>>> print(open('data.csv').read())   # CSV, C-alpha atoms
chain,number,residue,atom,x,y,z
A,559,MET,CA,-62.1,37.8,-34.8
A,560,THR,CA,-65.0,38.6,-32.4
A,561,ALA,CA,-67.1,35.8,-31.0
A,562,ASP,CA,-70.9,36.1,-30.9
A,563,PRO,CA,-72.5,36.6,-27.5
A,564,LEU,CA,-74.3,33.7,-26.0
A,565,PRO,CA,-78.1,33.5,-26.8
A,566,PRO,CA,-80.3,33.5,-23.8
A,567,PHE,CA,-81.6,30.3,-22.3
A,568,ASP,CA,-85.2,29.6,-23.2
A,569,THR,CA,-87.2,31.4,-20.5
A,570,ALA,CA,-90.6,31.2,-22.2
A,571,PRO,CA,-93.2,29.6,-19.8
A,572,PRO,CA,-94.7,26.3,-20.8
A,573,VAL,CA,-98.2,25.9,-22.0
A,574,ASP,CA,-99.7,25.9,-18.5
A,575,GLY,CA,-98.2,29.3,-17.8
A,576,ALA,CA,-95.7,28.4,-15.1
A,577,GLN,CA,-92.0,28.5,-15.9
A,578,ASP,CA,-90.8,25.0,-14.8
A,579,PHE,CA,-87.5,23.3,-15.5
A,580,GLU,CA,-87.9,20.9,-12.6
A,581,ARG,CA,-87.3,17.8,-14.8
A,582,GLU,CA,-83.9,19.1,-15.8
A,583,ALA,CA,-83.1,20.1,-12.2
A,584,THR,CA,-83.9,16.6,-10.9
A,585,ASP,CA,-82.5,14.6,-13.9
A,586,PRO,CA,-79.5,12.6,-12.6
A,587,HIS,CA,-77.8,12.7,-16.0
A,588,CYS,CA,-77.9,16.5,-16.1
A,589,MET,CA,-75.8,18.9,-14.0
A,590,SER,CA,-76.6,21.8,-11.8
A,591,ASP,CA,-74.7,25.1,-11.9
A,592,THR,CA,-73.3,24.3,-8.4
A,593,GLU,CA,-72.0,20.9,-9.6
A,594,SER,CA,-70.5,22.2,-12.9
A,595,ASP,CA,-68.8,25.1,-11.0
A,596,ALA,CA,-67.1,22.5,-8.7
A,597,VAL,CA,-66.1,20.3,-11.6
A,598,LEU,CA,-64.7,23.2,-13.7
A,599,HIS,CA,-62.9,24.9,-10.8
A,600,GLY,CA,-59.4,25.8,-12.0
A,601,ALA,CA,-60.3,25.4,-15.7
A,602,PRO,CA,-57.4,26.8,-17.8
A,603,TRP,CA,-59.3,27.6,-21.0
A,604,ARG,CA,-60.0,31.1,-22.2
A,605,ARG,CA,-61.1,30.6,-25.8
A,606,LEU,CA,-63.7,27.9,-26.7
A,607,ALA,CA,-64.5,27.1,-30.4
A,608,VAL,CA,-66.8,24.5,-31.8
A,609,VAL,CA,-66.7,23.3,-35.4
A,610,GLY,CA,-68.9,20.7,-37.2
A,611,ASP,CA,-72.4,19.9,-38.5
A,612,SER,CA,-75.9,20.2,-37.0
A,613,LEU,CA,-74.9,18.6,-33.7
A,614,ALA,CA,-72.3,21.3,-33.3
A,615,GLU,CA,-74.9,24.0,-34.4
A,616,GLY,CA,-77.3,22.7,-31.8
A,617,LEU,CA,-80.4,21.5,-33.7
A,618,GLY,CA,-83.0,19.6,-31.6
A,619,ASP,CA,-86.6,19.5,-30.4
A,620,PRO,CA,-87.7,21.1,-27.2
A,621,VAL,CA,-88.7,18.9,-24.3
A,622,PRO,CA,-91.0,20.0,-21.5
A,623,GLY,CA,-89.2,20.7,-18.3
A,624,TYR,CA,-85.8,21.3,-19.9
A,625,ARG,CA,-84.2,24.6,-21.0
A,626,THR,CA,-83.8,25.0,-24.7
A,627,ALA,CA,-80.1,25.4,-25.2
A,628,CYS,CA,-77.6,23.3,-27.1
A,629,TRP,CA,-74.7,21.5,-25.5
A,630,ALA,CA,-72.1,23.9,-26.7
A,631,ASP,CA,-73.9,27.0,-25.4
A,632,ARG,CA,-74.4,25.2,-22.1
A,633,LEU,CA,-70.7,24.4,-21.9
A,634,ALA,CA,-69.7,28.0,-22.7
A,635,ARG,CA,-72.1,29.3,-20.0
A,636,ALA,CA,-70.7,26.9,-17.4
A,637,LEU,CA,-67.1,27.9,-18.3
A,638,ARG,CA,-67.9,31.6,-18.1
A,639,ARG,CA,-68.9,31.2,-14.5
A,640,SER,CA,-65.3,30.1,-13.8
A,641,VAL,CA,-63.7,32.2,-16.5
A,642,PRO,CA,-65.8,35.4,-17.0
A,643,ASP,CA,-63.8,36.6,-19.9
A,644,LEU,CA,-64.1,33.4,-21.9
A,645,ALA,CA,-64.4,34.0,-25.7
A,646,TYR,CA,-66.7,31.6,-27.5
A,647,LEU,CA,-67.2,30.9,-31.2
A,648,ASN,CA,-69.5,28.2,-32.6
A,649,LEU,CA,-69.1,27.7,-36.4
A,650,GLY,CA,-71.4,24.6,-36.6
A,651,ARG,CA,-73.7,24.4,-39.5
A,652,ARG,CA,-76.2,21.7,-40.5
A,653,GLY,CA,-75.7,19.4,-43.5
A,654,LEU,CA,-71.9,19.6,-43.7
A,655,THR,CA,-69.6,16.7,-44.4
A,656,ALA,CA,-66.2,16.4,-42.7
A,657,LYS,CA,-64.6,17.7,-45.9
A,658,GLN,CA,-66.9,20.7,-46.0
A,659,VAL,CA,-66.3,21.4,-42.3
A,660,ARG,CA,-62.5,21.4,-43.0
A,661,ALA,CA,-62.9,23.6,-46.1
A,662,GLU,CA,-65.3,26.1,-44.5
A,663,GLN,CA,-64.5,26.2,-40.8
A,664,ALA,CA,-60.9,25.1,-40.2
A,665,GLU,CA,-59.4,28.5,-41.2
A,666,PRO,CA,-61.7,30.8,-39.2
A,667,ALA,CA,-61.5,28.4,-36.2
A,668,ALA,CA,-57.7,28.5,-36.3
A,669,ALA,CA,-57.7,32.3,-36.6
A,670,PHE,CA,-59.8,32.5,-33.4
A,671,SER,CA,-56.8,30.8,-31.6
A,672,PRO,CA,-58.9,28.5,-29.4
A,673,ASP,CA,-57.3,26.7,-26.4
A,674,LEU,CA,-60.4,24.5,-26.2
A,675,LEU,CA,-61.9,23.1,-29.4
A,676,GLY,CA,-64.8,20.7,-30.0
A,677,VAL,CA,-65.2,18.9,-33.3
A,678,VAL,CA,-68.4,17.1,-34.2
A,679,CYS,CA,-68.7,15.9,-37.8
A,680,GLY,CA,-68.9,12.7,-39.8
A,681,GLY,CA,-72.5,11.9,-39.4
A,682,ASN,CA,-73.4,13.4,-42.8
A,683,ASP,CA,-70.6,11.4,-44.4
A,684,LEU,CA,-72.2,8.3,-43.0
A,685,LEU,CA,-75.5,9.0,-44.8
A,686,LEU,CA,-73.9,9.4,-48.2
A,687,PRO,CA,-73.9,6.5,-50.8
A,688,GLY,CA,-70.5,4.8,-50.8
A,689,PHE,CA,-69.5,5.9,-47.4
A,690,ASP,CA,-65.7,5.3,-47.0
A,691,PRO,CA,-64.4,5.2,-43.4
A,692,ARG,CA,-60.8,5.6,-44.6
A,693,ALA,CA,-61.7,8.8,-46.5
A,694,LEU,CA,-63.5,10.1,-43.4
A,695,ALA,CA,-60.4,9.3,-41.2
A,696,SER,CA,-58.2,11.2,-43.7
A,697,GLU,CA,-60.4,14.3,-43.6
A,698,LEU,CA,-60.5,14.2,-39.8
A,699,ASP,CA,-56.7,13.8,-39.7
A,700,ARG,CA,-56.3,16.9,-41.9
A,701,LEU,CA,-58.8,18.9,-39.8
A,702,PHE,CA,-57.0,18.0,-36.6
A,703,ASP,CA,-53.7,18.8,-38.2
A,704,THR,CA,-54.9,22.3,-38.8
A,705,LEU,CA,-56.6,22.9,-35.5
A,706,GLY,CA,-54.4,21.0,-33.1
A,707,ALA,CA,-52.1,23.8,-32.2
A,708,PRO,CA,-49.8,23.3,-29.2
A,709,GLY,CA,-51.7,24.0,-26.0
A,710,THR,CA,-55.1,23.4,-27.5
A,711,THR,CA,-57.4,20.8,-25.9
A,712,LEU,CA,-59.3,19.0,-28.6
A,713,PHE,CA,-62.4,17.0,-27.8
A,714,VAL,CA,-64.7,14.8,-30.0
A,715,TYR,CA,-67.6,12.5,-29.4
A,716,ALA,CA,-68.4,8.8,-29.5
A,717,LEU,CA,-72.1,9.3,-30.3
A,718,ALA,CA,-75.0,7.5,-28.7
A,719,ASN,CA,-76.6,5.0,-31.0
A,720,VAL,CA,-80.3,5.7,-31.5
A,721,VAL,CA,-81.0,2.0,-31.8
A,722,ASP,CA,-80.5,1.8,-28.0
A,723,ALA,CA,-83.6,4.0,-27.6
A,724,ILE,CA,-85.5,2.7,-30.6
A,725,PRO,CA,-85.0,-1.1,-30.8
A,726,GLU,CA,-87.0,-1.4,-34.0
A,727,LEU,CA,-84.1,0.2,-35.8
A,728,ARG,CA,-81.8,-2.6,-34.9
A,729,GLY,CA,-80.4,-4.4,-37.9
A,730,GLY,CA,-80.7,-1.3,-40.1
A,731,PRO,CA,-77.9,0.8,-41.5
A,732,LEU,CA,-77.8,3.3,-38.6
A,733,GLU,CA,-76.8,0.6,-36.0
A,734,LYS,CA,-73.6,-0.5,-37.8
A,735,GLY,CA,-73.0,3.0,-39.2
A,736,VAL,CA,-72.8,4.8,-35.9
A,737,GLU,CA,-70.5,2.1,-34.6
A,738,VAL,CA,-68.1,2.6,-37.6
A,739,LEU,CA,-68.3,6.4,-37.2
A,740,ASN,CA,-67.4,6.1,-33.5
A,741,GLU,CA,-64.5,3.7,-34.3
A,742,VAL,CA,-63.0,6.1,-36.8
A,743,THR,CA,-63.5,9.1,-34.5
A,744,ARG,CA,-61.7,7.2,-31.6
A,745,GLU,CA,-58.8,6.2,-33.8
A,746,VAL,CA,-58.2,9.7,-35.1
A,747,ALA,CA,-58.6,11.2,-31.7
A,748,ASP,CA,-56.0,8.8,-30.4
A,749,ARG,CA,-53.5,9.8,-33.1
A,750,HIS,CA,-54.0,13.5,-32.1
A,751,GLY,CA,-54.3,13.2,-28.4
A,752,ALA,CA,-57.9,14.4,-28.4
A,753,LEU,CA,-60.3,13.8,-25.6
A,754,VAL,CA,-63.2,11.5,-26.5
A,755,VAL,CA,-66.5,12.3,-24.8
A,756,GLN,CA,-68.3,9.0,-24.4
A,757,MET,CA,-72.0,9.3,-25.3
A,758,HIS,CA,-71.9,5.8,-26.7
A,759,GLY,CA,-73.2,3.5,-24.0
A,760,HIS,CA,-74.2,6.4,-21.8
A,761,PRO,CA,-76.7,5.3,-19.0
A,762,ALA,CA,-79.4,7.5,-20.6
A,763,SER,CA,-78.8,6.4,-24.2
A,764,ALA,CA,-81.8,4.0,-24.1
A,765,ASP,CA,-84.2,6.9,-23.2
A,766,ARG,CA,-86.4,7.8,-26.2
A,767,ASP,CA,-86.6,11.5,-25.2
A,768,LEU,CA,-82.8,11.9,-25.5
A,769,PHE,CA,-83.5,12.2,-29.3
A,770,SER,CA,-85.6,14.5,-31.4
A,771,ALA,CA,-88.5,13.2,-33.6
A,772,ASP,CA,-86.2,12.8,-36.6
A,773,ARG,CA,-84.3,10.1,-34.6
A,774,VAL,CA,-81.0,11.8,-35.6
A,775,HIS,CA,-80.5,14.9,-33.5
A,776,ALA,CA,-80.4,15.3,-29.8
A,777,SER,CA,-83.5,16.8,-28.0
A,778,ALA,CA,-83.3,19.6,-25.5
A,779,ARG,CA,-82.8,16.9,-22.8
A,780,GLY,CA,-80.2,15.2,-25.0
A,781,HIS,CA,-78.2,18.5,-25.2
A,782,ALA,CA,-78.4,18.9,-21.5
A,783,VAL,CA,-77.1,15.4,-21.0
A,784,ILE,CA,-74.3,15.9,-23.6
A,785,ALA,CA,-73.2,19.1,-21.9
A,786,ALA,CA,-73.0,17.5,-18.5
A,787,THR,CA,-71.1,14.5,-19.9
A,788,THR,CA,-68.7,16.9,-21.7
A,789,ILE,CA,-68.1,18.9,-18.5
A,790,ARG,CA,-67.3,15.8,-16.6
A,791,ALA,CA,-64.9,14.6,-19.3
A,792,LEU,CA,-63.1,17.9,-19.5
A,793,ALA,CA,-62.4,17.7,-15.8
A,794,SER,CA,-59.8,15.1,-16.6
A,795,ARG,CA,-57.8,17.8,-18.5
A,796,ILE,CA,-57.9,20.4,-15.7
A,797,PRO,CA,-54.6,20.5,-13.9
A,798,ALA,CA,-54.8,19.5,-10.3
A,799,ALA,CA,-54.4,22.3,-7.8
A,800,GLU,CA,-51.0,22.4,-6.1
A,801,PHE,CA,-51.0,22.9,-2.4
A,802,SER,CA,-48.0,24.2,-0.4
A,803,THR,CA,-47.1,22.2,2.7
A,804,GLY,CA,-45.2,25.1,4.2
A,805,GLU,CA,-42.0,23.0,4.2
A,806,ARG,CA,-38.8,24.2,2.6
>>> encode(input="data.csv", output="C-alpha cells")
Amino acid sequence: MTADPLPPFDTAPPVDGAQDFEREATDPHCMSDTESDAVLHGAPWRRLAVVGDSLAEGLGDPVPGYRTACWADRLARALRRSVPDLAYLNLGRRGLTAKQVRAEQAEPAAAFSPDLLGVVCGGNDLLLPGFDPRALASELDRLFDTLGAPGTTLFVYALANVVDAIPELRGGPLEKGVEVLNEVTREVADRHGALVVQMHGHPASADRDLFSADRVHASARGHAVIAATTIRALASRIPAAEFSTGER
C-alpha cells in the first residue's frame, strides 16, 4: 500500500498581504522545528498511520497567525525531518463511529504495517442517542486487537473539554460526555499498553481559539497545540541513547 504524500502547509498570505505565522512561532504551547527535532531525536518509527473520525482527518477553522495543517500532518512532517523515509497514511474520515472506523479502516491500516499508530474515535458515538460506554469500550478493544501488532506504538487522546473554554456549556451533555469518553479511552489504552496523549486539562484548554466555531473540532491553533503535545508525549517512547564509556 502506498501512502499519500503530505499536503503542503498553508502558505497563502493573510488578508493584509504579508505572510505571517508569528503567533504560532511565539505560542508557548506550540513547538518550533528546532525543538521538535531535539525531542524526536532517535525516533525509531518508520511507518505512521492514523485512523479515526474528523479529528483524525483534520477538520478545523483557520486562525490568523497559524499555519493551516492538521495535527497528524504536522507530526508526520516533524518525524520526516528525523526519519526522511517515513511512510505516512491517514485514513481519518468525518462522521464515523468507532464501529465504522473498525469496519472501514482497521484492515487497510493493518495492511500498511505501521509501527506508530494514532487512533482518534468515539466522539460521534457520544453524540448518538442511547450512547453506551461499554459498547464503545468493546469496539475500541476490538480495534486495538486488530491494530496492536508486536512492535507497534499505539497512541490515543484524552480530549480537551470545550466547556473549559466556553463556560456557558457547563452542565450540558458535552461536559459529562467528554469526561466519560476520556475515561473509556484511558481504560482501553491501559489494557493494550497504548500511550494516552493528555489534551484534557492542557494549560491551553481554556483558550477559546483552540476550538473551531462549531465548538467541536480543533482550530488551526488547536491542531498546532495537539501536534506539539503529541510529539512531547511520544518522546517517552523513544529509547534512550546508549553511550559507551570506553571501559571493557
>>> residues_around(input="data.csv", residues="Arg660 of chain A", least_positions_apart="6", cutoff="10 Å", atoms="all atoms listed in the file", output="PyMOL selection string")
chain A and resi 609-610+654+667+679+697-698+700-702+704-705
>>> write_last_selection(input="data.csv", atoms="C-alpha atoms", output="PDB file, in the frame of the given file")
ATOM      1  CA  VAL A 609     -66.700  23.300 -35.400  1.00  0.00           C
ATOM      2  CA  GLY A 610     -68.900  20.700 -37.200  1.00  0.00           C
ATOM      3  CA  LEU A 654     -71.900  19.600 -43.700  1.00  0.00           C
ATOM      4  CA  ALA A 667     -61.500  28.400 -36.200  1.00  0.00           C
ATOM      5  CA  CYS A 679     -68.700  15.900 -37.800  1.00  0.00           C
ATOM      6  CA  GLU A 697     -60.400  14.300 -43.600  1.00  0.00           C
ATOM      7  CA  LEU A 698     -60.500  14.200 -39.800  1.00  0.00           C
ATOM      8  CA  ARG A 700     -56.300  16.900 -41.900  1.00  0.00           C
ATOM      9  CA  LEU A 701     -58.800  18.900 -39.800  1.00  0.00           C
ATOM     10  CA  PHE A 702     -57.000  18.000 -36.600  1.00  0.00           C
ATOM     11  CA  THR A 704     -54.900  22.300 -38.800  1.00  0.00           C
ATOM     12  CA  LEU A 705     -56.600  22.900 -35.500  1.00  0.00           C
TER      13      LEU A 705
END
>>> closest_residue(input="data.csv", among="A:Val783, A:Val736, A:Leu564, A:Ala798", to="Leu717 of chain A", atoms="all atoms listed in the file")
A:Val736
>>> closest_residue(input="data.csv", among="A:Asp585, A:Glu741, A:Glu615, A:Asp683", to="Gln658 of chain A", atoms="all atoms listed in the file")
A:Asp683
>>> residues_around(input="data.csv", residues="Ala752 of chain A", least_positions_apart="6", cutoff="8 Å", atoms="only C-alpha atoms", output="PyMOL selection string")
chain A and resi 711-714
>>> write_last_selection(input="data.csv", atoms="C-alpha atoms", output="mmCIF file, in the coordinates of the input")
data_model
loop_
_atom_site.group_PDB
_atom_site.id
_atom_site.type_symbol
_atom_site.label_atom_id
_atom_site.label_comp_id
_atom_site.auth_asym_id
_atom_site.auth_seq_id
_atom_site.Cartn_x
_atom_site.Cartn_y
_atom_site.Cartn_z
ATOM 1 C CA THR A 711 -57.400 20.800 -25.900
ATOM 2 C CA LEU A 712 -59.300 19.000 -28.600
ATOM 3 C CA PHE A 713 -62.400 17.000 -27.800
ATOM 4 C CA VAL A 714 -64.700 14.800 -30.000
#
>>> closest_residue(input="data.csv", among="A:Ala785, A:Leu684, A:Val608, A:Ala723", to="Glu737 of chain A", atoms="all atoms listed in the file")
A:Leu684
>>> closest_residue(input="data.csv", among="A:Glu580, A:Leu694, A:Ala718, A:Pro642", to="Val659 of chain A", atoms="all atoms listed in the file")
A:Leu694
>>> closest_residue(input="data.csv", among="A:Ala695, A:Ala664, A:Leu792, A:Val720", to="Asp767 of chain A", atoms="all atoms listed in the file")
A:Val720
>>> residues_around(input="data.csv", residues="Ala614 of chain A", least_positions_apart="6", cutoff="8 Å", atoms="all atoms listed in the file", output="NGL selection string")
:A and (608 or 630 or 648-651 or 677-679)
>>> residues_around(input="data.csv", residues="Phe670 of chain A", least_positions_apart="4", cutoff="8 Å", atoms="all atoms listed in the file", output="number ranges by chain")
A: 559, 605, 607, 647, 666
>>> write_last_selection(input="data.csv", atoms="C-alpha atoms", output="CSV table (one decimal), in the frame of the given file")
chain,number,residue,atom,x,y,z
A,559,MET,CA,-62.1,37.8,-34.8
A,605,ARG,CA,-61.1,30.6,-25.8
A,607,ALA,CA,-64.5,27.1,-30.4
A,647,LEU,CA,-67.2,30.9,-31.2
A,666,PRO,CA,-61.7,30.8,-39.2
>>> atom_distance(input="data.csv", atom1="atom CA of Arg652 of chain A", atom2="atom CA of Glu745 of chain A")
24.2 Å
>>> closest_residue(input="data.csv", among="A:Leu768, A:Leu753, A:Ala583, A:Leu686", to="Tyr624 of chain A", atoms="only C-alpha atoms")
A:Ala583
>>> residues_around(input="data.csv", residues="Ile784 of chain A", least_positions_apart="4", cutoff="9 Å", atoms="only C-alpha atoms", output="PyMOL selection string")
chain A and resi 587-588+628-630+755+757+776+779-780+788-789
>>> atom_distance(input="data.csv", atom1="atom CA of Ala747 of chain A", atom2="atom CA of Lys657 of chain A")
16.7 Å
>>> atom_distance(input="data.csv", atom1="atom CA of Arg625 of chain A", atom2="atom CA of Ala782 of chain A")
8.1 Å
>>> residues_near_point(input="data.csv", point="(-70.3, 20.5, -12.6)", cutoff="12 Å", atoms="all atoms listed in the file", output="number ranges by chain")
A: 587-599, 601, 632-633, 635-637, 639-640, 783, 785-793
